[in-house]
Amino acid sequence: MEVVDSIRYRRTHSQARGLRDALGRSLTSLRLSVTDRCNLRCMYCMPEEHYHWLPQDHLLNFEELDQLVDIFTVLGARRVRLTGGEPLLRRDLDRLVSLLAANPMIDDLALTTNGVLLAEQAGALHRAGLHRVTVSLDTLRPERFLAITRRDYHARVLDGIAAARHAGFSGTKIDAVIIRGVNDDELSDLLEFGRANDAEVRFIEYMDVPGATHWKMQNIVSRAEMLANLERRYGRITAVAGDGSAPASRFLLSDGTVFGIIASTTTPFCARCDRSRLTADGIWYRCLYAMAGTDLRRVLRGAGSRDEIAARIADLVGNVWRARTDRGAEQRKANHARSAFVPLDALQCDPHFEMHTRGG
Ligand code: SAM
């Protein structure tokens with residue numbers, strides 16, 4: 001806490017609020033990947049047999065993660081999302097949640113999980129101060145779940161969603177990646193499931209993120225196609241005004257159901273992107289498609305007092321953010337010969353390219 005206090009006193013809030021990148025985007029949202037490990041092997045994210053993992057001794061401990069998050073909040077971050085890999089594989093995650101929940105500058109503390117371990121942990125996470133959860137669920141059919149994820153955990157995910165509600169979470173979201181010929185016939189089933197479980201469903205266009213080595217343009221179901229499909233079933237769909245920086249555009253069915261579509265592939269939102277990502281080993285990325293990140297672990301574990309280190313990291317992050325020009329998804333869209341973003345051999349040289357390392 002002394003570090004935070006001293007930075008807070010040295011940097012005025014007006015400076016923090018003024019931190020903008022070269023394209024005028026603020027640093028508001030931080031995604032914290034707490035582990036690169038996952039207990040699923042989704043075909044669109046981790047389709048290979050073998051992976052190289054981050055070295056254990058490089059992983060930041062909870063105090064180090066909290067210290068970095070504090071610095072980001074002083075610089076203007078207000079939304080923090082725990083992700084991975086599968087964040088619930090990180091032992092005692094509720095302890096990290098309680099550290100972060102004590103930071104008054106965080107307005108929104110959320111978790112993205114595949115839900116497999118959620119039934120066991122929902123109560124502790126809620127008690128620790130987590131605000132809300134997003135559960136990834138692409139299908140309601142167990143056999144399809146097995147084909148997509150290569151693990152037989154469908155029932156556990158459904159239990160996890162029920163447990164989150166029971167634990168007291170509201171504002172739960174269900175994220176489904178929609179892929180042609182895989183689950184594009186389940187849009188309305190997923191919407192009905194979301195409605196029955198008090199959760200807002202968001203359909204995600206299949207993205208050519210690093211890790212999606214089998215990605216093909218033909219397999220994308222675009223936002224326009226999803227809307228046309230749903231309109232045939234439900235009638236008129238109305239767009240709902242959003243908060244501008246949210247990745248999902250939101251829509252309303254005539255029966256009052258609200259859902260979202262994250263159309264990063266066909267309609268990138270780079271112009272409004274206020275997100276950056278910190279890997280479990282402390283590499284900071286300003287874009288999911290970036291070829292390189294900034295090593296904050298080296299500075300964090302370097303010489304100097306806690307105060308000096310914190311000031312050094314704050315300066316580094318501030319300077320790098322001011323120079324940020326990333327528009328990765330737009331550049332990908334402009335590439336007409338689009339195929340997998342990072343070829344498998346390059347991906348296997350450095351786990352930092354992987355989506356499961358950078359955090360989705
Ligand atoms: N394990 C957690 C989970 O499953 O939610 C968090 C990490 S996962 C990488 C985060 C999100 O990224 C999930 O909703 C997942 O579906 C999404 N994702 C992964 N690969 C994707 C791809 N190729 N296209 C679109 N979304 C993808």
# chains A, B, ... in the order shown; residues from 1 in each chain; ligands from 1
>>> residues_near_ligand(ligand="ligand 1", cutoff="6 Å", atoms="only C-alpha atoms and all ligand atoms", output="list in words")
Tyr44, Cys45, Thr83, Gly84, Gly85, Glu86, Thr112, Thr113, Asn114, Val135, Ser136, Asp175, Val177, Ile204, Glu205, Tyr206, Met207, Asp208, Val209, Ala212, Met355, His356, Gly359 and Gly360 of chain A
>>> select_by_dssp(residues="range 121-202 of chain A", states="strand (DSSP E or B)", output="list in words")
Arg132, Val133, Thr134, Val135, Ser136, Lys173, Ile174, Asp175, Ala176, Val177, Ile178, Ile179, Glu200, Val201 and Arg202 of chain A
>>> residues_around(residues="Leu347 in chain A", least_positions_apart="3", cutoff="10 Å", atoms="only C-alpha atoms", output="compact mmCIF listing (two decimals) with N, CA, C and O atoms, in the first residue's frame")
# COMPACT_ATOMS: atom_id res chain seq x y z
N TYR A 51 2.07 -27.77 -26.43
CA TYR A 51 2.29 -26.34 -26.19
C TYR A 51 3.54 -26.10 -25.36
O TYR A 51 3.93 -26.96 -24.57
N HIS A 52 4.15 -24.93 -25.55
CA HIS A 52 5.24 -24.49 -24.68
C HIS A 52 4.65 -23.52 -23.68
O HIS A 52 3.96 -22.59 -24.06
N PRO A 210 -3.74 -14.95 -32.65
CA PRO A 210 -2.67 -15.93 -32.59
C PRO A 210 -3.17 -17.14 -31.81
O PRO A 210 -3.85 -16.98 -30.81
N GLY A 211 -2.88 -18.31 -32.25
CA GLY A 211 -3.42 -19.51 -31.60
C GLY A 211 -4.51 -20.14 -32.45
O GLY A 211 -4.69 -21.35 -32.42
N THR A 213 -4.85 -21.40 -35.27
CA THR A 213 -4.03 -21.84 -36.42
C THR A 213 -4.86 -22.47 -37.53
O THR A 213 -4.37 -22.67 -38.62
N PHE A 341 -3.01 -15.86 -38.37
CA PHE A 341 -2.16 -14.68 -38.13
C PHE A 341 -0.71 -15.06 -37.90
O PHE A 341 0.20 -14.49 -38.48
N VAL A 342 -0.48 -16.04 -37.00
CA VAL A 342 0.89 -16.46 -36.71
C VAL A 342 1.01 -17.93 -37.09
O VAL A 342 0.28 -18.76 -36.56
N PRO A 343 1.91 -18.27 -38.03
CA PRO A 343 2.04 -19.67 -38.42
C PRO A 343 2.52 -20.52 -37.24
O PRO A 343 3.19 -20.02 -36.33
N LEU A 344 2.17 -21.79 -37.29
CA LEU A 344 2.41 -22.68 -36.15
C LEU A 344 3.88 -22.69 -35.70
O LEU A 344 4.16 -22.65 -34.51
N ASP A 350 7.55 -19.11 -29.28
CA ASP A 350 7.34 -18.17 -28.17
C ASP A 350 5.89 -18.21 -27.70
O ASP A 350 4.99 -17.79 -28.43
N PRO A 351 5.68 -18.71 -26.48
CA PRO A 351 4.30 -18.80 -25.98
C PRO A 351 3.61 -17.44 -25.87
O PRO A 351 2.38 -17.37 -25.77
N HIS A 352 4.38 -16.35 -25.91
CA HIS A 352 3.75 -15.03 -25.77
C HIS A 352 2.85 -14.67 -26.94
O HIS A 352 2.04 -13.75 -26.84
N PHE A 353 3.01 -15.36 -28.08
CA PHE A 353 2.10 -15.08 -29.19
C PHE A 353 0.70 -15.61 -28.92
O PHE A 353 -0.28 -15.13 -29.47
N GLU A 354 0.61 -16.64 -28.09
CA GLU A 354 -0.65 -17.38 -27.96
C GLU A 354 -1.76 -16.55 -27.30
O GLU A 354 -1.53 -15.82 -26.35
>>> residues_around(residues="range 318-324 of chain A", least_positions_apart="6", cutoff="7 Å", atoms="only C-alpha atoms", output="PyMOL selection string")
chain A and resi 19-22
>>> write_last_selection(atoms="C-alpha atoms", output="mmCIF file, in the first residue's frame")
data_model
loop_
_atom_site.group_PDB
_atom_site.id
_atom_site.type_symbol
_atom_site.label_atom_id
_atom_site.label_comp_id
_atom_site.auth_asym_id
_atom_site.auth_seq_id
_atom_site.Cartn_x
_atom_site.Cartn_y
_atom_site.Cartn_z
ATOM 1 C CA LEU A 19 -3.342 9.819 -20.344
ATOM 2 C CA ARG A 20 -4.224 9.203 -23.982
ATOM 3 C CA ASP A 21 -2.491 7.263 -26.703
ATOM 4 C CA ALA A 22 -1.411 8.758 -30.022
#
>>> residues_around(residues="Ala102 in chain A", least_positions_apart="3", cutoff="12 Å", atoms="only C-alpha atoms", output="VMD selection string")
chain A and resid 1 4 66 69 to 70 95 to 99 105 to 107 109 128 to 130
>>> write_last_selection(atoms="all heavy atoms", output="CSV table (one decimal), in the first residue's frame")
chain,number,residue,atom,x,y,z
A,1,MET,N,0.8,-1.2,0.0
A,1,MET,CA,0.0,0.0,0.0
A,1,MET,C,0.8,1.3,0.0
A,1,MET,O,0.4,2.2,-0.6
A,1,MET,CB,-1.0,0.0,1.2
A,1,MET,CG,-2.2,-0.8,1.0
A,1,MET,SD,-3.0,-0.7,-0.6
A,1,MET,CE,-4.1,0.7,-0.4
A,4,VAL,N,1.5,2.4,-3.5
A,4,VAL,CA,0.4,3.0,-4.2
A,4,VAL,C,0.1,4.4,-3.6
A,4,VAL,O,0.0,5.4,-4.4
A,4,VAL,CB,-0.9,2.2,-3.8
A,4,VAL,CG1,-2.1,2.8,-4.5
A,4,VAL,CG2,-0.7,0.8,-4.2
A,66,ASP,N,-0.9,-7.4,-8.0
A,66,ASP,CA,-1.6,-6.3,-7.4
A,66,ASP,C,-0.8,-5.0,-7.5
A,66,ASP,O,-1.4,-3.9,-7.7
A,66,ASP,CB,-1.8,-6.7,-5.9
A,66,ASP,CG,-2.6,-5.7,-5.2
A,66,ASP,OD1,-3.6,-5.1,-5.7
A,66,ASP,OD2,-2.3,-5.3,-4.0
A,69,VAL,N,-1.2,-3.7,-11.0
A,69,VAL,CA,-2.6,-3.2,-11.2
A,69,VAL,C,-2.7,-1.9,-10.5
A,69,VAL,O,-3.3,-0.9,-11.1
A,69,VAL,CB,-3.6,-4.2,-10.7
A,69,VAL,CG1,-5.0,-3.6,-10.7
A,69,VAL,CG2,-3.6,-5.5,-11.6
A,70,ASP,N,-2.2,-1.7,-9.4
A,70,ASP,CA,-2.2,-0.4,-8.7
A,70,ASP,C,-1.6,0.7,-9.5
A,70,ASP,O,-2.2,1.8,-9.7
A,70,ASP,CB,-1.4,-0.5,-7.4
A,70,ASP,CG,-2.4,-0.9,-6.2
A,70,ASP,OD1,-3.5,-0.4,-6.2
A,70,ASP,OD2,-1.9,-1.6,-5.3
A,95,ARG,N,-7.8,-15.0,-3.4
A,95,ARG,CA,-6.9,-14.2,-2.6
A,95,ARG,C,-6.5,-13.0,-3.5
A,95,ARG,O,-6.4,-11.8,-3.0
A,95,ARG,CB,-5.7,-14.9,-2.1
A,95,ARG,CG,-5.0,-14.2,-1.0
A,95,ARG,CD,-3.9,-15.1,-0.3
A,95,ARG,NE,-2.8,-15.3,-1.1
A,95,ARG,CZ,-1.8,-14.4,-1.4
A,95,ARG,NH1,-1.9,-13.2,-0.9
A,95,ARG,NH2,-0.8,-14.7,-2.1
A,96,LEU,N,-6.2,-13.2,-4.8
A,96,LEU,CA,-5.9,-12.1,-5.7
A,96,LEU,C,-7.1,-11.2,-5.8
A,96,LEU,O,-7.0,-10.0,-5.8
A,96,LEU,CB,-5.5,-12.6,-7.1
A,96,LEU,CG,-5.2,-11.5,-8.1
A,96,LEU,CD1,-4.0,-10.6,-7.7
A,96,LEU,CD2,-4.9,-12.1,-9.5
A,97,VAL,N,-8.3,-11.8,-5.9
A,97,VAL,CA,-9.5,-11.0,-6.1
A,97,VAL,C,-9.6,-10.1,-4.8
A,97,VAL,O,-9.9,-8.9,-5.0
A,97,VAL,CB,-10.7,-11.9,-6.2
A,97,VAL,CG1,-12.0,-11.1,-6.1
A,97,VAL,CG2,-10.7,-12.6,-7.6
A,98,SER,N,-9.4,-10.6,-3.6
A,98,SER,CA,-9.6,-9.7,-2.5
A,98,SER,C,-8.5,-8.6,-2.4
A,98,SER,O,-8.9,-7.5,-2.0
A,98,SER,CB,-9.6,-10.5,-1.2
A,98,SER,OG,-8.6,-11.3,-1.1
A,99,LEU,N,-7.3,-8.9,-2.9
A,99,LEU,CA,-6.3,-7.8,-3.0
A,99,LEU,C,-6.8,-6.7,-4.0
A,99,LEU,O,-6.8,-5.5,-3.7
A,99,LEU,CB,-5.0,-8.3,-3.5
A,99,LEU,CG,-4.2,-9.2,-2.6
A,99,LEU,CD1,-2.9,-9.7,-3.3
A,99,LEU,CD2,-3.8,-8.4,-1.3
A,105,MET,N,-9.9,2.4,-6.8
A,105,MET,CA,-10.0,3.0,-8.2
A,105,MET,C,-10.5,2.0,-9.2
A,105,MET,O,-10.8,2.4,-10.4
A,105,MET,CB,-8.6,3.5,-8.6
A,105,MET,CG,-8.2,4.6,-7.7
A,105,MET,SD,-6.5,4.9,-7.7
A,105,MET,CE,-6.4,6.4,-8.6
A,106,ILE,N,-10.7,0.8,-8.9
A,106,ILE,CA,-11.3,-0.2,-9.8
A,106,ILE,C,-12.8,-0.1,-9.7
A,106,ILE,O,-13.4,-0.4,-8.7
A,106,ILE,CB,-10.8,-1.6,-9.5
A,106,ILE,CG1,-9.3,-1.7,-9.7
A,106,ILE,CG2,-11.5,-2.6,-10.5
A,106,ILE,CD1,-8.7,-3.0,-9.4
A,107,ASP,N,-13.5,0.3,-10.8
A,107,ASP,CA,-14.9,0.3,-10.8
A,107,ASP,C,-15.6,-1.0,-11.2
A,107,ASP,O,-16.7,-1.3,-10.9
A,107,ASP,CB,-15.4,1.3,-11.9
A,107,ASP,CG,-15.0,2.7,-11.6
A,107,ASP,OD1,-14.7,3.0,-10.4
A,107,ASP,OD2,-14.8,3.5,-12.6
A,109,LEU,N,-14.6,-5.1,-11.6
A,109,LEU,CA,-13.6,-6.2,-11.4
A,109,LEU,C,-14.3,-7.5,-11.9
A,109,LEU,O,-15.2,-8.0,-11.2
A,109,LEU,CB,-13.2,-6.3,-10.0
A,109,LEU,CG,-12.2,-7.4,-9.6
A,109,LEU,CD1,-10.9,-7.2,-10.4
A,109,LEU,CD2,-11.9,-7.3,-8.1
A,128,ALA,N,-15.0,-12.7,-2.0
A,128,ALA,CA,-13.7,-11.9,-2.0
A,128,ALA,C,-13.9,-10.6,-2.7
A,128,ALA,O,-13.0,-9.7,-2.6
A,128,ALA,CB,-12.7,-12.8,-2.8
A,129,GLY,N,-15.0,-10.4,-3.3
A,129,GLY,CA,-15.3,-9.0,-3.9
A,129,GLY,C,-15.3,-8.9,-5.4
A,129,GLY,O,-15.3,-7.8,-6.0
A,130,LEU,N,-15.3,-10.1,-6.1
A,130,LEU,CA,-15.4,-10.1,-7.6
A,130,LEU,C,-16.8,-9.5,-7.9
A,130,LEU,O,-17.8,-9.8,-7.3
A,130,LEU,CB,-15.3,-11.5,-8.1
A,130,LEU,CG,-15.2,-11.6,-9.6
A,130,LEU,CD1,-13.9,-11.0,-10.2
A,130,LEU,CD2,-15.3,-13.1,-10.0
>>> select_by_dssp(residues="range 26-205 of chain A", states="alpha helix (DSSP H)", output="JSON, numbers by chain")
{"A": [62, 63, 64, 65, 66, 67, 68, 69, 70, 71, 72, 73, 74, 93, 94, 95, 96, 97, 98, 99, 100, 101, 118, 119, 120, 121, 122, 123, 124, 125, 126, 127, 128, 142, 143, 144, 145, 146, 147, 148, 149, 154, 155, 156, 157, 158, 159, 160, 161, 162, 163, 164, 165, 166, 167, 187, 188, 189, 190, 191, 192, 193, 194, 195, 196]}
>>> closest_residue(among="A:Arg232, A:Arg332, A:Arg286, A:His214", to="Pro268 in chain A", atoms="only C-alpha atoms")
A:Arg332
>>> closest_residue(among="A:Asp36, A:Glu120, A:Asp189, A:Asp307", to="Ala164 in chain A", atoms="only C-alpha atoms")
A:Glu120
>>> residues_around(residues="Ala167 in chain A", least_positions_apart="2", cutoff="8 Å", atoms="only C-alpha atoms", output="VMD selection string")
chain A and resid 122 to 123 126 163 to 165 169
>>> closest_residue(among="A:Ala124, A:Leu30, A:Leu54, A:Cys287", to="Leu68 in chain A", atoms="only C-alpha atoms")
A:Leu30
>>> atom_distance(atom1="CA of Gly256 in chain A", atom2="CA of Leu230 in chain A")
14.0 Å
>>> closest_residue(among="A:Val317, A:Val240, A:Leu187, A:Ala162", to="Arg202 in chain A", atoms="only C-alpha atoms")
A:Leu187
>>> residues_around(residues="Asp198 in chain A", least_positions_apart="6", cutoff="9 Å", atoms="only C-alpha atoms", output="list in words")
Arg165, Ser170, Gly171, Thr172 and Lys173 of chain A
>>> closest_residue(among="A:Gln218, A:Ser276, A:Ser305, A:Asn229", to="Asp184 in chain A", atoms="only C-alpha atoms")
A:Asn229
>>> decode(residues="range 231-254 of chain A", atoms="N, CA, C and O atoms", output="mmCIF file, in the first residue's frame")
data_model
loop_
_atom_site.group_PDB
_atom_site.id
_atom_site.type_symbol
_atom_site.label_atom_id
_atom_site.label_comp_id
_atom_site.auth_asym_id
_atom_site.auth_seq_id
_atom_site.Cartn_x
_atom_site.Cartn_y
_atom_site.Cartn_z
ATOM 1 N N GLU A 231 -33.263 -12.444 -36.929
ATOM 2 C CA GLU A 231 -34.441 -11.665 -37.311
ATOM 3 C C GLU A 231 -35.498 -12.576 -37.958
ATOM 4 O O GLU A 231 -36.694 -12.403 -37.742
ATOM 5 N N ARG A 232 -35.019 -13.577 -38.688
ATOM 6 C CA ARG A 232 -35.970 -14.537 -39.282
ATOM 7 C C ARG A 232 -36.745 -15.265 -38.194
ATOM 8 O O ARG A 232 -37.913 -15.558 -38.326
ATOM 9 N N ARG A 233 -36.090 -15.509 -37.070
ATOM 10 C CA ARG A 233 -36.731 -16.271 -35.988
ATOM 11 C C ARG A 233 -37.564 -15.376 -35.058
ATOM 12 O O ARG A 233 -38.665 -15.725 -34.663
ATOM 13 N N TYR A 234 -37.009 -14.188 -34.725
ATOM 14 C CA TYR A 234 -37.645 -13.376 -33.682
ATOM 15 C C TYR A 234 -38.327 -12.110 -34.189
ATOM 16 O O TYR A 234 -38.909 -11.380 -33.404
ATOM 17 N N GLY A 235 -38.195 -11.808 -35.466
ATOM 18 C CA GLY A 235 -38.751 -10.545 -35.972
ATOM 19 C C GLY A 235 -37.762 -9.410 -35.739
ATOM 20 O O GLY A 235 -36.572 -9.641 -35.525
ATOM 21 N N ARG A 236 -38.310 -8.221 -35.738
ATOM 22 C CA ARG A 236 -37.486 -7.017 -35.725
ATOM 23 C C ARG A 236 -36.503 -6.968 -34.538
ATOM 24 O O ARG A 236 -36.876 -7.235 -33.401
ATOM 25 N N ILE A 237 -35.244 -6.602 -34.856
ATOM 26 C CA ILE A 237 -34.205 -6.458 -33.819
ATOM 27 C C ILE A 237 -33.766 -4.991 -33.799
ATOM 28 O O ILE A 237 -33.521 -4.397 -34.850
ATOM 29 N N THR A 238 -33.683 -4.432 -32.602
ATOM 30 C CA THR A 238 -33.314 -3.014 -32.489
ATOM 31 C C THR A 238 -31.928 -2.904 -31.869
ATOM 32 O O THR A 238 -31.616 -3.625 -30.909
ATOM 33 N N ALA A 239 -31.116 -1.984 -32.380
ATOM 34 C CA ALA A 239 -29.800 -1.747 -31.777
ATOM 35 C C ALA A 239 -29.990 -0.968 -30.483
ATOM 36 O O ALA A 239 -30.833 -0.081 -30.393
ATOM 37 N N VAL A 240 -29.187 -1.312 -29.463
ATOM 38 C CA VAL A 240 -29.238 -0.617 -28.180
ATOM 39 C C VAL A 240 -27.999 0.263 -28.091
ATOM 40 O O VAL A 240 -26.899 -0.199 -28.416
ATOM 41 N N ALA A 241 -28.161 1.497 -27.639
ATOM 42 C CA ALA A 241 -26.992 2.384 -27.524
ATOM 43 C C ALA A 241 -26.032 1.804 -26.494
ATOM 44 O O ALA A 241 -26.456 1.351 -25.425
ATOM 45 N N GLY A 242 -24.736 1.802 -26.811
ATOM 46 C CA GLY A 242 -23.759 1.215 -25.895
ATOM 47 C C GLY A 242 -22.925 2.285 -25.229
ATOM 48 O O GLY A 242 -23.203 3.481 -25.373
ATOM 49 N N ASP A 243 -21.870 1.832 -24.493
ATOM 50 C CA ASP A 243 -21.037 2.821 -23.793
ATOM 51 C C ASP A 243 -19.868 3.291 -24.662
ATOM 52 O O ASP A 243 -18.986 3.996 -24.215
ATOM 53 N N GLY A 244 -19.852 2.902 -25.927
ATOM 54 C CA GLY A 244 -18.815 3.410 -26.833
ATOM 55 C C GLY A 244 -17.556 2.585 -26.841
ATOM 56 O O GLY A 244 -17.081 2.211 -27.895
ATOM 57 N N SER A 245 -17.031 2.249 -25.660
ATOM 58 C CA SER A 245 -15.756 1.517 -25.660
ATOM 59 C C SER A 245 -15.967 0.007 -25.548
ATOM 60 O O SER A 245 -15.030 -0.763 -25.660
ATOM 61 N N ALA A 246 -17.222 -0.431 -25.307
ATOM 62 C CA ALA A 246 -17.475 -1.867 -25.135
ATOM 63 C C ALA A 246 -17.251 -2.585 -26.464
ATOM 64 O O ALA A 246 -17.589 -2.058 -27.528
ATOM 65 N N PRO A 247 -16.683 -3.793 -26.410
ATOM 66 C CA PRO A 247 -16.429 -4.499 -27.665
ATOM 67 C C PRO A 247 -17.703 -4.979 -28.344
ATOM 68 O O PRO A 247 -17.747 -5.111 -29.558
ATOM 69 N N ALA A 248 -18.765 -5.230 -27.541
ATOM 70 C CA ALA A 248 -19.986 -5.793 -28.125
ATOM 71 C C ALA A 248 -20.944 -4.685 -28.529
ATOM 72 O O ALA A 248 -21.148 -3.733 -27.791
ATOM 73 N N SER A 249 -21.546 -4.833 -29.735
ATOM 74 C CA SER A 249 -22.708 -3.999 -30.008
ATOM 75 C C SER A 249 -23.899 -4.778 -29.460
ATOM 76 O O SER A 249 -23.950 -6.009 -29.551
ATOM 77 N N ARG A 250 -24.853 -4.063 -28.859
ATOM 78 C CA ARG A 250 -25.953 -4.739 -28.172
ATOM 79 C C ARG A 250 -27.258 -4.538 -28.934
ATOM 80 O O ARG A 250 -27.478 -3.503 -29.565
ATOM 81 N N PHE A 251 -28.110 -5.539 -28.829
ATOM 82 C CA PHE A 251 -29.358 -5.554 -29.582
ATOM 83 C C PHE A 251 -30.492 -6.025 -28.691
ATOM 84 O O PHE A 251 -30.278 -6.720 -27.696
ATOM 85 N N LEU A 252 -31.713 -5.652 -29.115
ATOM 86 C CA LEU A 252 -32.907 -5.965 -28.329
ATOM 87 C C LEU A 252 -33.907 -6.705 -29.213
ATOM 88 O O LEU A 252 -34.229 -6.247 -30.322
ATOM 89 N N LEU A 253 -34.398 -7.837 -28.699
ATOM 90 C CA LEU A 253 -35.486 -8.534 -29.389
ATOM 91 C C LEU A 253 -36.802 -7.928 -28.932
ATOM 92 O O LEU A 253 -36.883 -7.321 -27.864
ATOM 93 N N SER A 254 -37.856 -8.169 -29.685
ATOM 94 C CA SER A 254 -39.148 -7.557 -29.317
ATOM 95 C C SER A 254 -39.678 -8.107 -27.987
ATOM 96 O O SER A 254 -40.469 -7.457 -27.321
#
